[in-house]
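To keep things clear, I will list the structure first and then write my remarks on it.
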Amino acid sequence: MAVDGAPNFLFPVHRPAAHGGAWRRLTLGAALALLPSGLLPGGAAPAPAPGASSPSVRFVITQTLVRPAAQEGGADRYLPSPASVVPGDLLREEVAVTNVGAAVLRGVLVAVPVPGGTAYVGRATPAASGWTLQFSEDRGRTYAARPAHTVSTVDNGRTVQRKVAAPPETYTHVRWTVAALRPGETLKFSFRVRVRAAGAQGAG
């Protein structure tokens, strides 16, 4: 984020990695570990070190179990803070970003890793006039609206490298860049993931 002309600061929301490459049932205790790194339960930022600039933004992240509608046209059911999940479950990851300072924040970056043991399946809050949406498939090193990677193919006996779109299930991070966040303003962003089967491999 930046306060009118100050440099941007990235506030990524960190997620725990899967243990042993396999997804384990998520317990309420583990859910607390899903809070952004450096934030206290409830999303309040700890006091900055002497001489450091105070981050004027608060993050609160929640995870909701989604039960899709039983029939077309019906409404999905949402179960907040599930005590546990199993392979195949659909989850909504949501982060609320609030400007708790007195100045407009510009260029607020909200980077949310796809939780370990899950795969991105879509429904990310779309880009709008006030923010952009990008994805990463290389653990947050680079971002693009449509990530691509290089693959090698053999054409007439020659190895040819070309760029191809990365499948959404290989995305490792979702990032929104907010142009301006007014004092007291809260924005919510979300996307959906599906719990992988135990032992399933993913980019995250």
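Identifiers for the structure tokens are assigned positionally: chains receive A, B, ... in sequence, residues are indexed from 1 per chain, and ligands are indexed from 1 in the order shown.
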
Report as a tab-separated table the residues of region 155-200 of chain A within 8 Å of region 84-97 of chain A, each with its shortest atom pair and distance in Å (one decimal), using only C-alpha atoms, ordered by chain and increasing residue number.
residue	atom	partner	partner_atom	distance
A:Thr186	CA	A:Val97	CA	5.4
A:Leu187	CA	A:Val97	CA	5.3
A:Lys188	CA	A:Ala96	CA	4.3
A:Phe189	CA	A:Val95	CA	5.5
A:Ser190	CA	A:Glu94	CA	4.1
A:Phe191	CA	A:Glu93	CA	5.5
A:Arg192	CA	A:Arg92	CA	4.4
A:Val193	CA	A:Leu91	CA	5.3
A:Arg194	CA	A:Leu90	CA	4.6
A:Val195	CA	A:Pro87	CA	4.8
A:Arg196	CA	A:Pro87	CA	5.2
A:Ala197	CA	A:Pro87	CA	4.8
A:Ala198	CA	A:Pro87	CA	7.1

Name the residues in contact with region 132-149 of chain A at a cut-off of 6 Å, using only C-alpha atoms, excluding same-chain residues fewer than 3 positions from it; report them as a VMD selection string.
chain A and resid 127 163 to 166 170 to 177

Take the residues from that selection and write them out as a JSON list (two decimals), in the first residue's frame, keeping N, CA and C atoms.
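That gives us part-v6.json:
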[["chain", "number", "residue", "atom", "x", "y", "z"],
["A", 127, "ALA", "N", -12.18, -8.23, -11.61],
["A", 127, "ALA", "CA", -11.61, -6.89, -11.68],
["A", 127, "ALA", "C", -12.74, -5.88, -11.86],
["A", 163, "LYS", "N", 4.71, -20.51, -25.53],
["A", 163, "LYS", "CA", 3.95, -20.12, -24.35],
["A", 163, "LYS", "C", 2.53, -20.68, -24.45],
["A", 164, "VAL", "N", 2.07, -21.28, -23.36],
["A", 164, "VAL", "CA", 0.70, -21.77, -23.30],
["A", 164, "VAL", "C", 0.07, -21.28, -22.01],
["A", 165, "ALA", "N", -1.24, -21.13, -22.03],
["A", 165, "ALA", "CA", -1.95, -20.67, -20.83],
["A", 165, "ALA", "C", -1.84, -21.71, -19.72],
["A", 166, "ALA", "N", -1.59, -21.23, -18.52],
["A", 166, "ALA", "CA", -1.51, -22.13, -17.37],
["A", 166, "ALA", "C", -2.92, -22.56, -16.95],
["A", 170, "THR", "N", -3.54, -24.90, -11.58],
["A", 170, "THR", "CA", -2.13, -24.77, -11.21],
["A", 170, "THR", "C", -1.83, -23.42, -10.57],
["A", 171, "TYR", "N", -2.81, -22.54, -10.46],
["A", 171, "TYR", "CA", -2.56, -21.24, -9.84],
["A", 171, "TYR", "C", -2.17, -21.44, -8.37],
["A", 172, "THR", "N", -1.19, -20.66, -7.93],
["A", 172, "THR", "CA", -0.75, -20.75, -6.54],
["A", 172, "THR", "C", -1.14, -19.53, -5.72],
["A", 173, "HIS", "N", -1.42, -18.41, -6.38],
["A", 173, "HIS", "CA", -1.77, -17.18, -5.67],
["A", 173, "HIS", "C", -2.82, -16.40, -6.47],
["A", 174, "VAL", "N", -3.64, -15.68, -5.74],
["A", 174, "VAL", "CA", -4.61, -14.74, -6.33],
["A", 174, "VAL", "C", -4.30, -13.37, -5.74],
["A", 175, "ARG", "N", -4.22, -12.34, -6.61],
["A", 175, "ARG", "CA", -3.86, -11.01, -6.11],
["A", 175, "ARG", "C", -4.77, -9.93, -6.68],
["A", 176, "TRP", "N", -5.24, -9.07, -5.80],
["A", 176, "TRP", "CA", -5.98, -7.88, -6.21],
["A", 176, "TRP", "C", -5.12, -6.65, -5.89],
["A", 177, "THR", "N", -5.11, -5.68, -6.77],
["A", 177, "THR", "CA", -4.42, -4.42, -6.54],
["A", 177, "THR", "C", -5.48, -3.32, -6.48]]

So which residues of region 44-193 of chain A fall under strand (DSSP E or B) by DSSP, listed as a VMD selection string?
chain A and resid 57 to 67 77 to 80 90 to 99 105 to 113 118 to 122 128 131 to 136 144 148 to 155 158 to 165 173 to 181 186 to 193

Given the choices A:Gln71, A:Thr118, A:Ser81, A:Asn99, which gets closest to Phe59 (chain A) if the distance is worked out from only C-alpha atoms?
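Between A:Gln71, A:Thr118, A:Ser81, A:Asn99, the residue approaching Phe59 (chain A) most closely is A:Asn99.
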
How many Å separate CA of Thr64 (chain A) from CA of Pro82 (chain A)?
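Taking CA of Thr64 (chain A) and CA of Pro82 (chain A), their separation equals 6.5 Å.
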
Separation of CA of Gly116 (chain A) and CA of Ala83 (chain A), in Å?
17.0 Å

Might you pull out every residue within 10 Å of Ala102 (chain A), with only C-alpha atoms counted and same-chain residues fewer than 6 positions away left off, and present them as a CSV table (one decimal) with C-alpha atoms, in the first residue's frame?
chain,number,residue,atom,x,y,z
A,3,VAL,CA,-0.1,6.8,1.4
A,56,SER,CA,-2.8,1.4,8.3
A,182,ARG,CA,-10.4,5.5,1.8
A,183,PRO,CA,-10.2,5.8,5.6
A,184,GLY,CA,-12.7,3.4,7.2

Counting only C-alpha atoms, the residue of A:Leu79, A:Val100, A:Val108, A:Val154 that sits nearest Leu65 (chain A):
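Once distances to Leu65 (chain A) are computed over only C-alpha atoms, the minimum belongs to A:Leu79.
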